[in-house]
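Colleague: Got a structure for you, written out below as structure tokens; questions coming shortly.
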Amino acid sequence: MTSFDHIFVSGATGYIAQHIISQLLSSGKTVIGSVRSIEKGEHLVKVFQDSKFSYVVVPILEKEGAFDEALKSHPELSIFLHTASPVSRQIDCKDPEKEIMIPAIDGTKYVLKSIKQHAPQIKRVVYTSSIVACANPEKFLDPTFVCGESTWGDMTYEQAKTNGFTAYVGSKTFAEREAWKFIETESPNFTLTSINPLYVLGPQIDPTKTKDLNLSAQIVGNVLNLKPDEPIPVFGGAMIDVRDVAKAHILAFEKDEAQGKRFVLAEAYFTNQTLLDIIRKEFPELHDVLPVGVPHDYDFSNRAAADDKNARSILKIDYISLETSVKDSIRQILDN
Ligand code: NAP
């Protein structure tokens, strides 16, 4: 393994990014994170309380050259982790293309261009993609389909513009495609690796975020908010704990054999009922305030399988279980 000590993380305020930064700082690395405002940067300084963390303000991700100054003023950087992308906007956006697709797609294209032009010393870039770049979501309910490191969604740009959710799917698919195309056509000094997680669950680095959970962390929060006589909304998917997603980003640049690869991260299938069963088992004090549903009534046989061979054989992370992930999330929410 080569040693890389100065790392740039875009979207440093994010749920996943904060875990990446925290793990990097714990291993003595120096981290520069990009944020959209000074207030957000100052808040992070308080969260991390580590002199090896600093921030730069990059207000508009999708502006060509947005990262130029940050890159020019930090010639010590050797790694760039690109996590910034609209996630929560898919719920209430008014203009899906403008609010979700353009920042994600142009943001990725331009950041790679800036790195090539202004930071030729950066040797490795990790792009935070998603499982939704590997297949259109309807394929996730096709038990004959194996979704993963060699598959792609084929939604058109026009279809993606339809609503917030399709725009998110399109944003991740087109942005990741742009990134690989850039490597092919521009032959930059850096290699690329993509991380394609399923639903990311698990606790926050910044406990104040438990009051305003990110979209995927809110999946567990939503179950905790159910009333005893409320029906349990039908919802499910596959998950990976946020701490393992962060670990994967780090191994993705540390390991030579990870370069040029896509890594699907998946640990366990779940439904709202699965989450409820875990919460009821682990937190008996919540029995009276939560519904019971139909315990252990879940069938995952109608789901596509996830092809995560690269991740299992190269990254070799001993994944945190669904039970531990849910338990740690709920404990943190109850304590804050
Ligand atoms: P998050 O907490 O919402 O973080 C998103 C980050 O991107 C924040 O730092 C946010 O900045 C920044 N951002 C959003 N829109 C932006 C824009 N237009 N311009 C500049 N910055 C912008 O979400 P997350 O779950 O950590 O997601 C991080 C990455 O993981 C994303 O690329 C996402 O697609 C990917 N991912 C997430 C999941 C999941 O289940 N969570 C699964 C697969 C892939 P502000 O704080 O200023 O808004």
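Every chain in the structure tokens takes a letter, A first, then B, and so on in the order presented; its residues are numbered from 1, and the ligands are numbered from 1 following the presented order.
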Using only C-alpha atoms and all ligand atoms, what are the residues with an atom within 9 Å of ligand 1, set out as a PyMOL selection string?
Modeller: chain A and resi 10-19+34-37+40+58-62+82-89+99-100+102-104+107+127-132+168-169+171-172+195-201+213-217+239-240+242+245
Colleague: Where does range 141-248 of chain A meet range 41-53 of chain A within 12 Å, residue by residue, with the nearest atom pair and distance in Å to one decimal for each, counting only C-alpha atoms, listed by chain and rising number, as JSON lines?
Modeller:
{"residue": "A:Gln204", "atom": "CA", "partner": "A:Val47", "partner_atom": "CA", "distance": 11.2}
{"residue": "A:Ile205", "atom": "CA", "partner": "A:Val47", "partner_atom": "CA", "distance": 8.0}
{"residue": "A:Asp206", "atom": "CA", "partner": "A:Val47", "partner_atom": "CA", "distance": 6.3}
{"residue": "A:Pro207", "atom": "CA", "partner": "A:Val47", "partner_atom": "CA", "distance": 9.2}
{"residue": "A:Thr208", "atom": "CA", "partner": "A:Val47", "partner_atom": "CA", "distance": 9.6}
{"residue": "A:Lys209", "atom": "CA", "partner": "A:Val47", "partner_atom": "CA", "distance": 11.0}
Colleague: Okay, now the selection with N, CA, C and O atoms, as a PDB file, in the first residue's frame?
Modeller:
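This went into again-v2.pdb:
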ATOM      1  N   GLN A 204     -24.834   8.961  13.235  1.00  0.00           N
ATOM      2  CA  GLN A 204     -24.215  10.191  12.732  1.00  0.00           C
ATOM      3  C   GLN A 204     -22.908  10.460  13.486  1.00  0.00           C
ATOM      4  O   GLN A 204     -22.786  10.133  14.658  1.00  0.00           O
ATOM      5  N   ILE A 205     -21.964  11.121  12.815  1.00  0.00           N
ATOM      6  CA  ILE A 205     -20.788  11.633  13.530  1.00  0.00           C
ATOM      7  C   ILE A 205     -21.209  12.835  14.369  1.00  0.00           C
ATOM      8  O   ILE A 205     -20.818  12.988  15.518  1.00  0.00           O
ATOM      9  N   ASP A 206     -22.036  13.695  13.781  1.00  0.00           N
ATOM     10  CA  ASP A 206     -22.474  14.913  14.449  1.00  0.00           C
ATOM     11  C   ASP A 206     -23.851  14.649  15.055  1.00  0.00           C
ATOM     12  O   ASP A 206     -24.852  14.586  14.339  1.00  0.00           O
ATOM     13  N   PRO A 207     -23.932  14.466  16.383  1.00  0.00           N
ATOM     14  CA  PRO A 207     -25.217  14.097  16.993  1.00  0.00           C
ATOM     15  C   PRO A 207     -26.314  15.130  16.763  1.00  0.00           C
ATOM     16  O   PRO A 207     -27.493  14.793  16.816  1.00  0.00           O
ATOM     17  N   THR A 208     -25.948  16.405  16.458  1.00  0.00           N
ATOM     18  CA  THR A 208     -27.005  17.394  16.202  1.00  0.00           C
ATOM     19  C   THR A 208     -27.790  17.009  14.945  1.00  0.00           C
ATOM     20  O   THR A 208     -28.908  17.440  14.752  1.00  0.00           O
ATOM     21  N   LYS A 209     -27.182  16.174  14.092  1.00  0.00           N
ATOM     22  CA  LYS A 209     -27.867  15.757  12.859  1.00  0.00           C
ATOM     23  C   LYS A 209     -29.011  14.776  13.129  1.00  0.00           C
ATOM     24  O   LYS A 209     -29.792  14.478  12.225  1.00  0.00           O
TER      25      LYS A 209
END
Colleague: Got a sec: who's within 7 Å of range 154-159 of chain A, counting only C-alpha atoms, leaving out chain neighbours fewer than 3 positions off, as a list in words?
Modeller: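 These residues fall inside the cut-off: Asn136, Thr162 and Gly170 of chain A.
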Colleague: Those residues with C-alpha atoms, as a PDB file, in the first residue's frame please?
Modeller:
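Listing of result.pdb after writing:
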ATOM      1  CA  ASN A 136     -33.046   1.220 -12.962  1.00  0.00           C
ATOM      2  CA  THR A 162     -39.535  13.501 -14.649  1.00  0.00           C
ATOM      3  CA  GLY A 170     -30.296   9.709 -13.416  1.00  0.00           C
TER       4      GLY A 170
END
Colleague: A:Ile32, A:Ile91, A:Ile7, A:Ile21: which is nearest Ser78 in chain A, counting only C-alpha atoms?
Modeller: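 Ranking A:Ile32, A:Ile91, A:Ile7, A:Ile21 by distance to Ser78 in chain A, first place goes to A:Ile7.
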Colleague: Out of A:Ser194, A:Ser150, A:Ser329, A:Ser301, which residue has the shortest atom-to-atom distance to Asn222 in chain A when counting only C-alpha atoms?
Modeller: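 So, comparing all the options, the nearest one is A:Ser329.
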Colleague: Can you tell me how far CA of Ile122 in chain A sits from CA of Glu254 in chain A, in Å to one decimal?
Modeller: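 So the answer is 13.1 Å.
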Colleague: As a list in words, please: every residue in range 58-217 of chain A that DSSP puts in strand (DSSP E).
Modeller: Ile79, Phe80, Leu81, His82, Arg124, Val125, Val126, Tyr127, Thr128, Val146, Cys147, Gly148, Thr191, Leu192, Thr193, Ser194, Ile195, Asn196, Pro197, Tyr199, Val200 and Leu201 of chain A
Colleague: Can you spit out the residues from that selection as a PDB file, in the first residue's frame, using N, CA and C atoms?
Modeller:
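Here's the written file again.pdb:
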ATOM      1  N   ILE A  79      -5.016  12.953  -2.836  1.00  0.00           N
ATOM      2  CA  ILE A  79      -6.235  12.150  -3.007  1.00  0.00           C
ATOM      3  C   ILE A  79      -7.439  13.080  -3.035  1.00  0.00           C
ATOM      4  N   PHE A  80      -8.427  12.769  -3.877  1.00  0.00           N
ATOM      5  CA  PHE A  80      -9.676  13.545  -3.902  1.00  0.00           C
ATOM      6  C   PHE A  80     -10.847  12.582  -3.792  1.00  0.00           C
ATOM      7  N   LEU A  81     -11.673  12.785  -2.774  1.00  0.00           N
ATOM      8  CA  LEU A  81     -12.876  11.965  -2.612  1.00  0.00           C
ATOM      9  C   LEU A  81     -14.083  12.843  -2.938  1.00  0.00           C
ATOM     10  N   HIS A  82     -14.811  12.496  -3.988  1.00  0.00           N
ATOM     11  CA  HIS A  82     -15.924  13.345  -4.432  1.00  0.00           C
ATOM     12  C   HIS A  82     -17.246  12.765  -3.956  1.00  0.00           C
ATOM     13  N   ARG A 124      -5.196   9.701  -7.059  1.00  0.00           N
ATOM     14  CA  ARG A 124      -6.363   8.816  -6.977  1.00  0.00           C
ATOM     15  C   ARG A 124      -7.625   9.619  -6.645  1.00  0.00           C
ATOM     16  N   VAL A 125      -8.696   9.308  -7.353  1.00  0.00           N
ATOM     17  CA  VAL A 125      -9.987   9.953  -7.106  1.00  0.00           C
ATOM     18  C   VAL A 125     -11.002   8.851  -6.810  1.00  0.00           C
ATOM     19  N   VAL A 126     -11.769   9.062  -5.745  1.00  0.00           N
ATOM     20  CA  VAL A 126     -12.850   8.126  -5.443  1.00  0.00           C
ATOM     21  C   VAL A 126     -14.158   8.890  -5.620  1.00  0.00           C
ATOM     22  N   TYR A 127     -15.056   8.331  -6.415  1.00  0.00           N
ATOM     23  CA  TYR A 127     -16.349   8.962  -6.651  1.00  0.00           C
ATOM     24  C   TYR A 127     -17.432   8.178  -5.909  1.00  0.00           C
ATOM     25  N   THR A 128     -18.224   8.883  -5.106  1.00  0.00           N
ATOM     26  CA  THR A 128     -19.325   8.229  -4.391  1.00  0.00           C
ATOM     27  C   THR A 128     -20.507   8.114  -5.337  1.00  0.00           C
ATOM     28  N   VAL A 146     -29.170  -9.879 -11.582  1.00  0.00           N
ATOM     29  CA  VAL A 146     -28.030  -9.695 -10.668  1.00  0.00           C
ATOM     30  C   VAL A 146     -27.485  -8.300 -10.954  1.00  0.00           C
ATOM     31  N   CYS A 147     -27.605  -7.453  -9.957  1.00  0.00           N
ATOM     32  CA  CYS A 147     -27.317  -6.036 -10.128  1.00  0.00           C
ATOM     33  C   CYS A 147     -25.961  -5.714  -9.529  1.00  0.00           C
ATOM     34  N   GLY A 148     -25.115  -5.056 -10.272  1.00  0.00           N
ATOM     35  CA  GLY A 148     -23.867  -4.766  -9.596  1.00  0.00           C
ATOM     36  C   GLY A 148     -22.765  -4.130 -10.378  1.00  0.00           C
ATOM     37  N   THR A 191      -6.144   7.798 -11.108  1.00  0.00           N
ATOM     38  CA  THR A 191      -7.027   6.657 -11.356  1.00  0.00           C
ATOM     39  C   THR A 191      -8.364   6.957 -10.677  1.00  0.00           C
ATOM     40  N   LEU A 192      -9.386   6.220 -11.090  1.00  0.00           N
ATOM     41  CA  LEU A 192     -10.729   6.428 -10.532  1.00  0.00           C
ATOM     42  C   LEU A 192     -11.232   5.134  -9.920  1.00  0.00           C
ATOM     43  N   THR A 193     -11.971   5.289  -8.833  1.00  0.00           N
ATOM     44  CA  THR A 193     -12.667   4.150  -8.225  1.00  0.00           C
ATOM     45  C   THR A 193     -14.058   4.650  -7.866  1.00  0.00           C
ATOM     46  N   SER A 194     -15.077   3.828  -8.066  1.00  0.00           N
ATOM     47  CA  SER A 194     -16.403   4.279  -7.622  1.00  0.00           C
ATOM     48  C   SER A 194     -16.899   3.373  -6.511  1.00  0.00           C
ATOM     49  N   ILE A 195     -17.624   4.014  -5.594  1.00  0.00           N
ATOM     50  CA  ILE A 195     -18.253   3.290  -4.484  1.00  0.00           C
ATOM     51  C   ILE A 195     -19.753   3.366  -4.731  1.00  0.00           C
ATOM     52  N   ASN A 196     -20.406   2.202  -4.815  1.00  0.00           N
ATOM     53  CA  ASN A 196     -21.827   2.134  -5.173  1.00  0.00           C
ATOM     54  C   ASN A 196     -22.620   1.470  -4.041  1.00  0.00           C
ATOM     55  N   PRO A 197     -22.936   2.248  -2.997  1.00  0.00           N
ATOM     56  CA  PRO A 197     -23.634   1.624  -1.866  1.00  0.00           C
ATOM     57  C   PRO A 197     -25.129   1.462  -2.105  1.00  0.00           C
ATOM     58  N   TYR A 199     -28.798   1.279   0.389  1.00  0.00           N
ATOM     59  CA  TYR A 199     -29.223   2.257   1.404  1.00  0.00           C
ATOM     60  C   TYR A 199     -28.190   2.308   2.523  1.00  0.00           C
ATOM     61  N   VAL A 200     -27.778   3.521   2.860  1.00  0.00           N
ATOM     62  CA  VAL A 200     -26.759   3.689   3.901  1.00  0.00           C
ATOM     63  C   VAL A 200     -27.460   4.008   5.222  1.00  0.00           C
ATOM     64  N   LEU A 201     -27.281   3.132   6.186  1.00  0.00           N
ATOM     65  CA  LEU A 201     -27.892   3.315   7.509  1.00  0.00           C
ATOM     66  C   LEU A 201     -26.782   3.438   8.549  1.00  0.00           C
TER      67      LEU A 201
END
Colleague: Here is a test: counting only C-alpha atoms, which residue of A:Asn336, A:Thr271, A:Thr210, A:Gln117 is nearest to Leu322 in chain A?
Modeller: A:Thr271
Colleague: Looking only at helix (DSSP H, G or I) from DSSP on the backbone, list the matching residues of range 30-206 of chain A as a count of residues only.
Modeller: 77
Colleague: Pick the closest to Val326 in chain A from A:Leu290, A:Leu251, A:Gln218, A:Asp256: which is it, counting only C-alpha atoms?
Modeller: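 Closest candidate: A:Gln218.
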Colleague: Please provide as a VMD selection string all residues within 12 Å of Leu286 in chain A, with the sequence filter that same-chain residues fewer than 3 positions apart are discarded (counting only C-alpha atoms).
Modeller: chain A and resid 223 to 228 276 to 283 289 to 292 330 to 331 334
Colleague: May I ask for the distance between CA of Ala304 in chain A and CA of Val264 in chain A, given in Å to one decimal place?
Modeller: 13.5 Å
